[in-house]
>>> print(open('protein30.csv').read())   # CSV, C-alpha atoms and all ligand atoms
chain,number,residue,atom,x,y,z
A,1,MET,CA,-175.4,77.7,-62.3
A,2,ASN,CA,-178.0,75.3,-60.7
A,3,ASN,CA,-181.4,76.9,-61.2
A,4,LYS,CA,-180.5,79.6,-63.6
A,5,ILE,CA,-182.2,79.6,-66.9
A,6,HIS,CA,-179.5,80.6,-69.4
A,7,LEU,CA,-179.9,82.5,-72.7
A,8,SER,CA,-177.7,79.9,-74.5
A,9,ILE,CA,-175.3,77.4,-73.1
A,10,ALA,CA,-173.3,74.4,-74.3
A,11,ASP,CA,-175.2,71.1,-74.6
A,12,ILE,CA,-172.7,68.2,-74.8
A,13,GLY,CA,-173.8,64.9,-76.3
A,14,LYS,CA,-172.7,61.3,-75.7
A,15,SER,CA,-169.8,60.9,-78.2
A,16,GLU,CA,-167.7,64.0,-77.8
A,17,LEU,CA,-165.7,62.3,-75.1
A,18,LYS,CA,-164.9,59.4,-77.4
A,19,TYR,CA,-163.2,61.7,-79.9
A,20,VAL,CA,-161.4,63.7,-77.2
A,21,GLN,CA,-160.3,60.4,-75.7
A,22,SER,CA,-158.9,59.3,-79.0
A,23,ALA,CA,-156.8,62.4,-79.1
A,24,PHE,CA,-155.4,61.6,-75.7
A,25,ASP,CA,-154.9,57.9,-76.6
A,26,ASP,CA,-152.9,58.9,-79.6
A,27,ASN,CA,-151.0,61.5,-77.6
A,28,TRP,CA,-152.3,64.0,-80.2
A,29,VAL,CA,-153.3,67.1,-78.2
A,30,ALA,CA,-151.4,69.5,-80.4
A,31,PRO,CA,-153.0,71.9,-82.8
A,32,LEU,CA,-154.0,70.1,-86.0
A,33,GLY,CA,-154.3,66.3,-86.2
A,34,PRO,CA,-156.8,63.7,-87.4
A,35,ASN,CA,-159.8,65.1,-85.5
A,36,VAL,CA,-159.2,68.5,-87.1
A,37,ASP,CA,-159.1,66.9,-90.6
A,38,GLN,CA,-162.2,64.9,-90.0
A,39,PHE,CA,-164.1,67.9,-88.5
A,40,GLU,CA,-163.3,70.0,-91.5
A,41,GLU,CA,-164.6,67.3,-93.8
A,42,VAL,CA,-167.8,66.6,-91.8
A,43,VAL,CA,-168.8,70.3,-91.6
A,44,ALA,CA,-168.0,70.9,-95.3
A,45,LYS,CA,-170.0,67.9,-96.3
A,46,TYR,CA,-172.9,68.8,-94.0
A,47,VAL,CA,-173.4,72.2,-95.6
A,48,GLY,CA,-172.2,71.3,-99.1
A,49,ARG,CA,-169.0,73.1,-99.6
A,50,GLN,CA,-165.8,72.0,-101.4
A,51,ALA,CA,-163.2,73.2,-98.8
A,52,SER,CA,-162.9,74.3,-95.2
A,53,THR,CA,-160.4,75.0,-92.5
A,54,ALA,CA,-161.0,74.7,-88.8
A,55,LEU,CA,-159.8,77.8,-86.9
A,56,ALA,CA,-159.5,79.1,-83.3
A,57,SER,CA,-162.6,81.3,-83.7
A,58,GLY,CA,-165.3,82.6,-86.0
A,59,THR,CA,-163.5,86.0,-85.7
A,60,SER,CA,-160.3,84.6,-87.0
A,61,ALA,CA,-162.2,83.1,-89.9
A,62,ILE,CA,-163.6,86.5,-90.9
A,63,HIS,CA,-160.1,88.0,-90.5
A,64,LEU,CA,-158.6,85.4,-92.9
A,65,ALA,CA,-161.5,85.9,-95.4
A,66,LEU,CA,-160.6,89.6,-95.5
A,67,LYS,CA,-156.9,88.8,-95.9
A,68,LEU,CA,-157.7,86.5,-98.8
A,69,LEU,CA,-159.8,89.2,-100.5
A,70,ASP,CA,-156.7,91.4,-100.2
A,71,ILE,CA,-158.5,94.0,-97.9
A,72,GLN,CA,-155.9,96.7,-97.2
A,73,GLN,CA,-155.6,100.0,-95.3
A,74,GLY,CA,-158.1,102.5,-96.7
A,75,ASP,CA,-160.3,100.0,-98.4
A,76,THR,CA,-164.0,99.9,-97.6
A,77,VAL,CA,-166.0,96.9,-96.5
A,78,PHE,CA,-169.8,96.9,-96.2
A,79,CYS,CA,-171.2,95.0,-93.2
A,80,SER,CA,-174.5,94.4,-91.6
A,81,SER,CA,-175.1,96.8,-88.7
A,82,LEU,CA,-177.3,94.6,-86.5
A,83,THR,CA,-174.7,92.0,-85.4
A,84,PHE,CA,-172.1,91.1,-82.8
A,85,ILE,CA,-169.0,93.2,-82.9
A,86,ALA,CA,-166.9,90.2,-84.2
A,87,SER,CA,-168.5,90.7,-87.7
A,88,ALA,CA,-166.6,94.0,-88.1
A,89,ASN,CA,-163.6,93.9,-85.7
A,90,PRO,CA,-161.4,92.2,-88.4
A,91,ILE,CA,-162.2,95.1,-90.8
A,92,LEU,CA,-160.3,97.3,-88.3
A,93,TYR,CA,-157.5,94.8,-87.9
A,94,GLU,CA,-156.7,95.5,-91.5
A,95,LYS,CA,-157.2,99.3,-91.1
A,96,ALA,CA,-160.0,99.2,-93.6
A,97,GLU,CA,-163.2,101.3,-93.3
A,98,PRO,CA,-166.5,99.6,-92.4
A,99,VAL,CA,-169.7,101.0,-93.9
A,100,PHE,CA,-172.8,99.7,-92.1
A,101,ILE,CA,-175.9,98.6,-93.8
A,102,ASP,CA,-179.4,98.6,-92.1
A,103,SER,CA,-181.8,95.6,-91.6
A,104,GLU,CA,-185.3,95.1,-93.0
A,105,PHE,CA,-188.2,93.7,-91.0
A,106,ASP,CA,-188.8,90.4,-92.8
A,107,THR,CA,-185.5,88.8,-91.7
A,108,TRP,CA,-184.0,91.4,-89.4
A,109,ASN,CA,-181.0,91.0,-91.7
A,110,MET,CA,-179.3,93.2,-94.3
A,111,SER,CA,-181.8,95.3,-96.3
A,112,PRO,CA,-181.4,95.0,-100.0
A,113,VAL,CA,-182.8,98.5,-100.3
A,114,ALA,CA,-180.1,99.9,-98.0
A,115,LEU,CA,-177.4,97.9,-99.7
A,116,LYS,CA,-178.4,99.2,-103.0
A,117,LYS,CA,-178.3,102.8,-101.7
A,118,ALA,CA,-174.8,102.2,-100.3
A,119,PHE,CA,-173.5,100.8,-103.7
A,120,VAL,CA,-175.0,103.7,-105.6
A,121,GLU,CA,-173.3,106.2,-103.3
A,122,ALA,CA,-170.0,104.2,-103.5
A,123,GLU,CA,-170.1,104.1,-107.2
A,124,ALA,CA,-170.8,107.8,-107.5
A,125,ARG,CA,-167.7,108.4,-105.2
A,126,GLY,CA,-165.7,106.1,-107.5
A,127,LYS,CA,-164.8,103.7,-104.6
A,128,LEU,CA,-166.6,100.4,-104.4
A,129,PRO,CA,-166.2,98.2,-101.4
A,130,LYS,CA,-163.7,95.3,-101.6
A,131,ALA,CA,-166.2,92.9,-99.8
A,132,VAL,CA,-169.6,92.7,-98.2
A,133,VAL,CA,-170.1,90.9,-94.9
A,134,ILE,CA,-173.7,89.6,-94.7
A,135,VAL,CA,-174.8,88.3,-91.3
A,136,ASN,CA,-177.6,85.7,-90.6
A,137,LEU,CA,-179.0,86.9,-87.3
A,138,TYR,CA,-180.0,84.4,-84.6
A,139,GLY,CA,-180.2,81.6,-87.3
A,140,GLN,CA,-182.3,83.4,-89.9
A,141,VAL,CA,-180.6,83.6,-93.3
A,142,ALA,CA,-180.7,87.0,-94.9
A,143,LYS,CA,-182.5,87.7,-98.2
A,144,MET,CA,-179.6,86.1,-100.2
A,145,ASP,CA,-181.2,86.1,-103.7
A,146,GLU,CA,-181.7,89.9,-103.6
A,147,LEU,CA,-178.4,90.7,-101.8
A,148,LEU,CA,-176.2,88.5,-103.9
A,149,GLU,CA,-177.8,89.9,-107.1
A,150,ILE,CA,-176.8,93.4,-106.0
A,151,CYS,CA,-173.3,92.3,-105.0
A,152,ASN,CA,-172.8,90.4,-108.3
A,153,GLU,CA,-174.0,93.4,-110.3
A,154,TYR,CA,-171.1,95.4,-108.8
A,155,GLY,CA,-168.7,92.4,-108.9
A,156,VAL,CA,-168.0,92.6,-105.1
A,157,PRO,CA,-167.4,89.3,-103.2
A,158,VAL,CA,-169.5,88.3,-100.2
A,159,ILE,CA,-168.4,86.9,-96.8
A,160,GLU,CA,-171.4,85.1,-95.3
A,161,ASP,CA,-171.2,85.5,-91.5
A,162,SER,CA,-173.1,82.3,-90.7
A,163,ALA,CA,-171.7,82.1,-87.1
A,164,GLU,CA,-175.2,81.8,-85.7
A,165,SER,CA,-176.9,79.9,-88.5
A,166,LEU,CA,-175.3,76.4,-88.7
A,167,GLY,CA,-178.1,74.1,-89.6
A,168,SER,CA,-180.3,76.8,-91.2
A,169,SER,CA,-181.2,76.9,-94.8
A,170,TYR,CA,-182.5,79.2,-97.5
A,171,LYS,CA,-184.6,77.9,-100.4
A,172,GLY,CA,-183.2,74.4,-99.9
A,173,LYS,CA,-179.5,75.5,-99.6
A,174,LYS,CA,-177.7,75.3,-96.3
A,175,SER,CA,-176.5,78.5,-94.6
A,176,GLY,CA,-172.7,78.6,-95.1
A,177,THR,CA,-172.9,78.0,-98.8
A,178,PHE,CA,-173.6,81.6,-99.8
A,179,GLY,CA,-170.9,84.0,-100.8
A,180,LYS,CA,-167.3,83.4,-101.8
A,181,PHE,CA,-166.5,82.7,-98.2
A,182,SER,CA,-168.6,81.6,-95.3
A,183,ILE,CA,-167.7,81.3,-91.6
A,184,PHE,CA,-169.0,79.4,-88.6
A,185,SER,CA,-168.4,79.9,-84.9
A,186,PHE,CA,-168.2,77.1,-82.4
A,187,ASN,CA,-168.0,79.4,-79.4
A,188,GLY,CA,-169.6,78.0,-76.2
A,189,ASN,CA,-172.9,79.8,-76.7
A,190,LYS,CA,-173.5,78.8,-80.3
A,191,ILE,CA,-175.8,76.0,-81.5
A,192,ILE,CA,-172.9,73.6,-81.3
A,193,THR,CA,-169.5,74.2,-79.8
A,194,THR,CA,-165.9,73.1,-79.7
A,195,SER,CA,-165.5,75.0,-76.4
A,196,GLY,CA,-164.2,77.8,-78.7
A,197,GLY,CA,-163.4,77.6,-82.4
A,198,GLY,CA,-164.5,78.5,-85.9
A,199,MET,CA,-164.4,77.6,-89.5
A,200,LEU,CA,-163.8,79.2,-92.9
A,201,LEU,CA,-165.4,77.6,-95.9
A,202,SER,CA,-165.3,78.2,-99.6
A,203,ASP,CA,-165.7,76.3,-102.9
A,204,ASP,CA,-162.2,77.5,-103.9
A,205,GLN,CA,-159.7,74.8,-102.7
A,206,GLU,CA,-156.7,77.1,-103.4
A,207,LEU,CA,-158.0,79.9,-101.3
A,208,ILE,CA,-158.7,77.5,-98.4
A,209,ALA,CA,-155.2,76.1,-98.8
A,210,LYS,CA,-153.9,79.7,-98.5
A,211,ALA,CA,-156.0,80.2,-95.4
A,212,LYS,CA,-154.4,77.2,-93.8
A,213,PHE,CA,-151.0,78.6,-94.7
A,214,LEU,CA,-151.8,82.0,-93.1
A,215,ALA,CA,-153.3,80.3,-90.0
A,216,THR,CA,-150.1,78.4,-89.3
A,217,GLN,CA,-147.7,81.4,-89.2
A,218,SER,CA,-147.3,81.4,-93.0
A,219,ARG,CA,-144.6,78.9,-92.9
A,220,ASP,CA,-142.9,78.3,-96.2
A,221,GLN,CA,-142.0,74.8,-97.4
A,222,ALA,CA,-138.5,74.3,-96.1
A,223,LEU,CA,-136.7,72.1,-93.6
A,224,HIS,CA,-135.8,75.2,-91.6
A,225,TYR,CA,-138.4,77.7,-90.4
A,226,GLN,CA,-138.8,80.1,-93.2
A,227,HIS,CA,-141.3,82.9,-93.6
A,228,SER,CA,-141.9,85.4,-96.4
A,229,GLU,CA,-145.2,87.0,-95.2
A,230,VAL,CA,-147.0,87.8,-92.0
A,231,GLY,CA,-148.9,84.8,-90.5
A,232,TYR,CA,-151.2,84.0,-87.6
A,233,ASN,CA,-151.6,81.3,-85.1
A,234,TYR,CA,-155.2,80.6,-85.8
A,235,ARG,CA,-155.6,76.8,-86.1
A,236,LEU,CA,-157.9,74.7,-84.0
A,237,SER,CA,-156.5,72.1,-81.6
A,238,ASN,CA,-157.1,68.4,-82.1
A,239,VAL,CA,-158.8,68.1,-78.7
A,240,CYS,CA,-161.3,70.9,-79.5
A,241,ALA,CA,-162.0,69.4,-83.0
A,242,GLY,CA,-162.9,66.1,-81.1
A,243,ILE,CA,-165.6,68.0,-79.2
A,244,GLY,CA,-166.8,69.4,-82.6
A,245,LEU,CA,-167.0,65.9,-84.2
A,246,GLY,CA,-169.3,64.7,-81.3
A,247,GLN,CA,-171.4,67.9,-81.6
A,248,MET,CA,-171.9,67.5,-85.3
A,249,GLU,CA,-173.6,64.1,-84.6
A,250,VAL,CA,-176.2,65.9,-82.6
A,251,LEU,CA,-176.5,69.2,-84.6
A,252,ASP,CA,-179.8,68.3,-86.2
A,253,GLN,CA,-181.3,67.3,-82.8
A,254,ARG,CA,-180.1,70.6,-81.4
A,255,VAL,CA,-181.8,72.5,-84.2
A,256,LYS,CA,-185.0,70.5,-83.6
A,257,ARG,CA,-184.9,71.4,-79.9
A,258,ARG,CA,-184.3,75.1,-80.5
A,259,ARG,CA,-187.2,75.2,-82.9
A,260,GLU,CA,-189.4,73.3,-80.4
A,261,ILE,CA,-188.5,75.9,-77.8
A,262,PHE,CA,-189.4,78.7,-80.2
A,263,ASP,CA,-192.8,77.0,-80.9
A,264,ILE,CA,-193.6,76.8,-77.2
A,265,TYR,CA,-192.9,80.6,-76.9
A,266,ALA,CA,-195.1,81.2,-80.0
A,267,VAL,CA,-198.1,79.3,-78.5
A,268,GLU,CA,-197.8,80.7,-75.0
A,269,LEU,CA,-197.2,84.3,-75.9
A,270,ALA,CA,-199.6,84.4,-78.8
A,271,GLU,CA,-202.3,86.2,-76.8
A,272,ILE,CA,-200.1,89.2,-75.9
A,273,LYS,CA,-200.9,92.2,-78.0
A,274,GLY,CA,-197.9,94.1,-79.3
A,275,LEU,CA,-195.5,91.2,-78.8
A,276,HIS,CA,-194.0,90.0,-82.1
A,277,LEU,CA,-191.6,87.1,-82.4
A,278,MET,CA,-188.8,87.3,-85.0
A,279,PRO,CA,-190.3,86.1,-88.3
A,280,GLU,CA,-189.1,83.3,-90.4
A,281,LEU,CA,-188.9,84.2,-94.1
A,282,GLU,CA,-191.0,82.0,-96.4
A,283,GLY,CA,-188.8,79.4,-98.1
A,284,THR,CA,-186.2,79.5,-95.3
A,285,PHE,CA,-185.6,77.3,-92.3
A,286,SER,CA,-184.0,78.9,-89.2
A,287,ASN,CA,-182.1,77.0,-86.6
A,288,ARG,CA,-183.8,79.4,-84.1
A,289,TRP,CA,-180.5,79.7,-82.3
A,290,LEU,CA,-182.1,82.4,-80.2
A,291,THR,CA,-185.8,83.1,-79.8
A,292,ALA,CA,-186.0,86.9,-80.2
A,293,MET,CA,-189.0,89.2,-80.2
A,294,THR,CA,-190.0,92.9,-80.1
A,295,LEU,CA,-192.4,94.7,-77.9
A,296,ASP,CA,-194.3,97.4,-79.8
A,297,PRO,CA,-193.9,100.6,-77.7
A,298,GLU,CA,-197.2,101.9,-78.9
A,299,VAL,CA,-199.1,98.9,-77.5
A,300,VAL,CA,-197.0,97.6,-74.6
A,301,SER,CA,-196.3,99.9,-71.7
A,302,VAL,CA,-193.2,98.2,-70.3
A,303,THR,CA,-189.8,98.4,-72.1
A,304,THR,CA,-187.6,95.5,-73.0
A,305,VAL,CA,-185.1,96.7,-70.4
A,306,ASP,CA,-187.8,96.5,-67.7
A,307,LEU,CA,-188.6,93.0,-68.8
A,308,ILE,CA,-185.0,91.9,-68.8
A,309,HIS,CA,-184.6,93.2,-65.2
A,310,HIS,CA,-187.9,91.6,-64.2
A,311,LEU,CA,-186.8,88.2,-65.6
A,312,ALA,CA,-183.4,88.5,-63.9
A,313,GLU,CA,-185.2,88.6,-60.5
A,314,PHE,CA,-186.3,85.0,-61.2
A,315,ASN,CA,-182.8,83.9,-62.3
A,316,ILE,CA,-183.8,84.0,-65.9
A,317,GLU,CA,-181.2,85.4,-68.4
A,318,SER,CA,-182.4,87.5,-71.3
A,319,ARG,CA,-180.7,90.1,-73.4
A,320,PRO,CA,-181.4,93.0,-75.7
A,321,VAL,CA,-181.0,92.4,-79.4
A,322,TRP,CA,-177.4,93.2,-80.6
A,323,LYS,CA,-176.7,96.9,-80.4
A,324,PRO,CA,-176.2,98.0,-84.0
A,325,LEU,CA,-172.6,98.6,-84.9
A,326,HIS,CA,-173.3,102.1,-86.3
A,327,LEU,CA,-174.4,103.1,-82.8
A,328,GLN,CA,-171.2,101.7,-81.1
A,329,PRO,CA,-168.7,104.2,-79.8
A,330,LEU,CA,-165.9,102.2,-81.5
A,331,PHE,CA,-167.5,103.0,-84.9
A,332,GLU,CA,-168.4,106.6,-84.2
A,333,GLY,CA,-168.5,108.5,-87.5
A,334,ALA,CA,-168.7,105.4,-89.7
A,335,LYS,CA,-171.1,105.6,-92.7
A,336,TYR,CA,-174.5,104.0,-92.3
A,337,PHE,CA,-177.2,103.4,-94.9
A,338,LYS,CA,-180.7,103.1,-93.6
A,339,HIS,CA,-183.5,100.9,-95.0
A,340,ASN,CA,-186.2,103.7,-94.9
A,341,GLU,CA,-186.7,104.2,-91.2
A,342,ASP,CA,-183.8,103.0,-89.1
A,343,VAL,CA,-184.8,99.4,-88.7
A,344,SER,CA,-181.8,98.1,-86.8
A,345,LYS,CA,-182.2,100.9,-84.2
A,346,TYR,CA,-185.9,100.0,-83.8
A,347,LEU,CA,-185.0,96.3,-83.3
A,348,PHE,CA,-182.4,97.3,-80.7
A,349,ASP,CA,-184.7,99.7,-78.9
A,350,ASN,CA,-187.6,97.2,-78.8
A,351,GLY,CA,-186.0,93.8,-79.2
A,352,ILE,CA,-185.2,91.1,-76.6
A,353,CYS,CA,-183.6,87.6,-76.8
A,354,LEU,CA,-185.2,85.0,-74.7
A,355,PRO,CA,-183.6,81.9,-73.1
A,356,SER,CA,-183.2,79.4,-75.9
A,357,ALA,CA,-180.6,76.8,-74.7
A,358,SER,CA,-181.3,73.3,-76.0
A,359,ILE,CA,-180.9,71.9,-72.5
A,360,MET,CA,-184.0,73.8,-71.4
A,361,SER,CA,-187.1,71.6,-70.5
A,362,ASP,CA,-190.6,72.5,-71.7
A,363,GLU,CA,-191.3,73.5,-68.1
A,364,ASP,CA,-188.4,76.0,-68.1
A,365,VAL,CA,-189.8,77.6,-71.3
A,366,ARG,CA,-193.3,77.8,-69.8
A,367,LEU,CA,-191.9,79.3,-66.6
A,368,VAL,CA,-190.3,82.1,-68.7
A,369,CYS,CA,-193.6,82.6,-70.5
A,370,ASP,CA,-195.5,82.8,-67.3
A,371,LYS,CA,-193.2,85.5,-66.0
A,372,ILE,CA,-193.5,87.4,-69.2
A,373,LYS,CA,-197.3,87.2,-69.3
A,374,SER,CA,-197.8,88.2,-65.7
A,375,PHE,CA,-195.4,91.2,-66.2
A,376,LEU,CA,-196.9,92.4,-69.4
A,377,LYS,CA,-200.6,92.1,-68.3
B,1,LIG,C1,-170.2,84.5,-82.4
B,1,LIG,C2,-170.2,85.4,-83.6
B,1,LIG,C3,-169.0,85.7,-84.3
B,1,LIG,C4,-167.6,85.3,-83.8
B,1,LIG,O1,-167.4,84.0,-83.4
B,1,LIG,P1,-166.3,83.7,-82.3
B,1,LIG,O2,-166.1,82.3,-82.5
B,1,LIG,O3,-166.8,84.1,-81.0
B,1,LIG,O4,-165.0,84.5,-82.6
B,1,LIG,C5,-169.1,86.4,-85.5
B,1,LIG,N1,-170.2,86.8,-85.9
B,1,LIG,C6,-171.4,86.6,-85.3
B,1,LIG,C7,-172.7,87.1,-85.9
B,1,LIG,C8,-171.4,85.9,-84.1
B,1,LIG,O5,-172.6,85.7,-83.4
>>> encode(input="protein30.csv", output="structure tokens", more="lines below")
Ligand SMILES: *Cc1c(COP(=O)(O)O)cnc(C)c1O
Amino acid sequence: MNNKIHLSIADIGKSELKYVQSAFDDNWVAPLGPNVDQFEEVVAKYVGRQASTALASGTSAIHLALKLLDIQQGDTVFCSSLTFIASANPILYEKAEPVFIDSEFDTWNMSPVALKKAFVEAEARGKLPKAVVIVNLYGQVAKMDELLEICNEYGVPVIEDSAESLGSSYKGKKSGTFGKFSIFSFNGNKIITTSGGGMLLSDDQELIAKAKFLATQSRDQALHYQHSEVGYNYRLSNVCAGIGLGQMEVLDQRVKRRREIFDIYAVELAEIKGLHLMPELEGTFSNRWLTAMTLDPEVVSVTTVDLIHHLAEFNIESRPVWKPLHLQPLFEGAKYFKHNEDVSKYLFDNGICLPSASIMSDEDVRLVCDKIKSFLK
């Protein structure tokens, strides 16, 4: 690990251990417990939502959201194409059919133009989707006003996949407050971590109560173990929630640091023609979870793959932008609605994520910039 510069890595603060210690002191290391209750409260209050349930992962949060929206075999669910596989895997758990929606260039997120096309086609076929999963990529919130207006017009609920955007906001509202449900991930590489975990949020207390029920094996109220429907073991442990409580205390510092790292890249790389950093839409505030950029193939002679290999020689980790789900073998044959040109494919072909961990020093970031500059010149 020593000298490697990581893409994104956990950054533990001073008080996580205190909460974890209290779980040990109380001999409360089981799933659920006081840390879990408090963690749910703290996160819901931070974003401004009425109800939340802490879960084993962001993926399980998306799965439960789909369950609560009654997604069943044969139903369709619209989903951003440019995202991590976890946004869409739960659609397959329920044997529903994903339909992928392209990005636009202002946010790299779901294109309202492509979404509208998908709805028009679905309506003509007489089969509207049961839900729309909207992803906020690398911390940038999608064009929520436009997207929600379209979804509301068709009366279809939204699941905001805010796994990567805790601490971001859109027109003064925190990410994680849009849509009927929103989800966060506390995986080790996200802006804050519980060493693995997630959360489902909503303003509907009853639905969240139902989520807690489903996440604890759907156990009916009875002295004996009684079950009337299928359930899951999806709850977060009291120990992990303790880490999360400590991490919430430093969340705003982590966002500030990720943004500072972005700013260093922006200054250092400004002179390179054909290099474009991921934009931040006016009126929005990105947590800059990952600094991402594109290299214009008509201006820059090296590809992002060349650059990734070059940086790796100096023990610097970088990655391509997510491979769009409509191009994944798993989803071969799935429907896909393009913006105009295929934007998500362009971003994948020409996009790269740079080391952005909040533990990086300014010197680390400058070193990465030097290697990029010398390689591109
Ligand atoms: C990380 C991530 C998830 C899944 O979260 P896990 O906690 O790893 O299950 C979902 N969607 C997106 C966009 C993510 O980046």
>>> atom_distance(input="protein30.csv", atom1="atom CA of A:Ala211", atom2="atom CA of A:Leu69")
11.0 Å
>>> residues_near_ligand(input="protein30.csv", ligand="ligand LIG 1 (chain B)", cutoff="7 Å", atoms="all atoms listed in the file", output="list in words")
Ser57, Gly58, Thr59, Ser60, Thr83, Phe84, Ala86, Ser87, Val135, Asn136, Leu137, Asp161, Ser162, Ala163, Glu164, Ser185, Phe186, Asn187, Lys190, Gly196, Gly197 and Gly198 of chain A
>>> atom_distance(input="protein30.csv", atom1="atom CA of A:Gly188", atom2="atom CA of A:Asp11")
9.0 Å
>>> residues_around(input="protein30.csv", residues="stretch 213-230 of chain A", least_positions_apart="4", cutoff="8 Å", atoms="only C-alpha atoms", output="ChimeraX atom specification")
/A:55,64,209,234-235
>>> write_last_selection(input="protein30.csv", atoms="C-alpha atoms", output="mmCIF file, in the coordinates of the input")
data_model
loop_
_atom_site.group_PDB
_atom_site.id
_atom_site.type_symbol
_atom_site.label_atom_id
_atom_site.label_comp_id
_atom_site.auth_asym_id
_atom_site.auth_seq_id
_atom_site.Cartn_x
_atom_site.Cartn_y
_atom_site.Cartn_z
ATOM 1 C CA LEU A 55 -159.800 77.800 -86.900
ATOM 2 C CA LEU A 64 -158.600 85.400 -92.900
ATOM 3 C CA ALA A 209 -155.200 76.100 -98.800
ATOM 4 C CA TYR A 234 -155.200 80.600 -85.800
ATOM 5 C CA ARG A 235 -155.600 76.800 -86.100
#
>>> atom_distance(input="protein30.csv", atom1="atom CA of A:Asp370", atom2="atom CA of A:Glu313")
13.6 Å
>>> closest_residue(input="protein30.csv", among="A:Glu271, A:Glu280, A:Glu298, A:Asp263", to="A:Val365", atoms="all atoms listed in the file")
A:Asp263
>>> closest_residue(input="protein30.csv", among="A:Met199, A:Ile85, A:Cys79, A:Met144", to="A:Ala118", atoms="all atoms listed in the file")
A:Cys79
>>> residues_around(input="protein30.csv", residues="A:Thr291", least_positions_apart="5", cutoff="8 Å", atoms="only C-alpha atoms", output="list in words")
Tyr138, Ile261, Phe262, Leu277, Met278, Cys353, Leu354, Pro355 and Ser356 of chain A
>>> closest_residue(input="protein30.csv", among="A:Val120, A:Met248, A:Leu82, A:Leu307", to="A:Leu325", atoms="all atoms listed in the file")
A:Leu82
>>> closest_residue(input="protein30.csv", among="A:Asn109, A:Lys323, A:Ser175, A:Gln247", to="A:Ala10", atoms="only C-alpha atoms")
A:Gln247
>>> residues_around(input="protein30.csv", residues="A:Phe348", least_positions_apart="5", cutoff="12 Å", atoms="all atoms listed in the file", output="JSON list (two decimals) with C-alpha atoms, in the coordinates of the input")
[["chain", "number", "residue", "atom", "x", "y", "z"],
["A", 81, "SER", "CA", -175.10, 96.80, -88.70],
["A", 82, "LEU", "CA", -177.30, 94.60, -86.50],
["A", 83, "THR", "CA", -174.70, 92.00, -85.40],
["A", 102, "ASP", "CA", -179.40, 98.60, -92.10],
["A", 103, "SER", "CA", -181.80, 95.60, -91.60],
["A", 108, "TRP", "CA", -184.00, 91.40, -89.40],
["A", 292, "ALA", "CA", -186.00, 86.90, -80.20],
["A", 293, "MET", "CA", -189.00, 89.20, -80.20],
["A", 294, "THR", "CA", -190.00, 92.90, -80.10],
["A", 295, "LEU", "CA", -192.40, 94.70, -77.90],
["A", 296, "ASP", "CA", -194.30, 97.40, -79.80],
["A", 303, "THR", "CA", -189.80, 98.40, -72.10],
["A", 304, "THR", "CA", -187.60, 95.50, -73.00],
["A", 305, "VAL", "CA", -185.10, 96.70, -70.40],
["A", 319, "ARG", "CA", -180.70, 90.10, -73.40],
["A", 320, "PRO", "CA", -181.40, 93.00, -75.70],
["A", 321, "VAL", "CA", -181.00, 92.40, -79.40],
["A", 322, "TRP", "CA", -177.40, 93.20, -80.60],
["A", 323, "LYS", "CA", -176.70, 96.90, -80.40],
["A", 324, "PRO", "CA", -176.20, 98.00, -84.00],
["A", 325, "LEU", "CA", -172.60, 98.60, -84.90],
["A", 326, "HIS", "CA", -173.30, 102.10, -86.30],
["A", 327, "LEU", "CA", -174.40, 103.10, -82.80],
["A", 342, "ASP", "CA", -183.80, 103.00, -89.10],
["A", 343, "VAL", "CA", -184.80, 99.40, -88.70],
["A", 353, "CYS", "CA", -183.60, 87.60, -76.80]]
>>> decode(input="protein30.csv", residues="stretch 150-158 of chain A", atoms="N, CA and C atoms", output="PDB file, in the first residue's frame")
ATOM      1  N   ILE A 150     -40.563  14.928 -16.097  1.00  0.00           N
ATOM      2  CA  ILE A 150     -40.969  13.894 -17.062  1.00  0.00           C
ATOM      3  C   ILE A 150     -41.559  12.688 -16.323  1.00  0.00           C
ATOM      4  N   CYS A 151     -40.891  12.244 -15.265  1.00  0.00           N
ATOM      5  CA  CYS A 151     -41.382  11.067 -14.523  1.00  0.00           C
ATOM      6  C   CYS A 151     -42.746  11.354 -13.897  1.00  0.00           C
ATOM      7  N   ASN A 152     -42.929  12.576 -13.372  1.00  0.00           N
ATOM      8  CA  ASN A 152     -44.219  12.933 -12.772  1.00  0.00           C
ATOM      9  C   ASN A 152     -45.324  12.974 -13.815  1.00  0.00           C
ATOM     10  N   GLU A 153     -44.969  13.479 -15.001  1.00  0.00           N
ATOM     11  CA  GLU A 153     -45.944  13.540 -16.096  1.00  0.00           C
ATOM     12  C   GLU A 153     -46.517  12.142 -16.369  1.00  0.00           C
ATOM     13  N   TYR A 154     -45.674  11.115 -16.270  1.00  0.00           N
ATOM     14  CA  TYR A 154     -46.126   9.749 -16.538  1.00  0.00           C
ATOM     15  C   TYR A 154     -46.506   9.005 -15.248  1.00  0.00           C
ATOM     16  N   GLY A 155     -46.357   9.693 -14.108  1.00  0.00           N
ATOM     17  CA  GLY A 155     -46.738   9.089 -12.826  1.00  0.00           C
ATOM     18  C   GLY A 155     -45.864   7.914 -12.414  1.00  0.00           C
ATOM     19  N   VAL A 156     -44.584   7.974 -12.779  1.00  0.00           N
ATOM     20  CA  VAL A 156     -43.691   6.849 -12.460  1.00  0.00           C
ATOM     21  C   VAL A 156     -42.697   7.269 -11.361  1.00  0.00           C
ATOM     22  N   PRO A 157     -42.603   6.485 -10.280  1.00  0.00           N
ATOM     23  CA  PRO A 157     -41.723   6.849  -9.159  1.00  0.00           C
ATOM     24  C   PRO A 157     -40.239   6.721  -9.492  1.00  0.00           C
ATOM     25  N   VAL A 158     -39.452   7.555  -8.796  1.00  0.00           N
ATOM     26  CA  VAL A 158     -38.010   7.609  -9.030  1.00  0.00           C
ATOM     27  C   VAL A 158     -37.261   7.044  -7.819  1.00  0.00           C
TER      28      VAL A 158
END
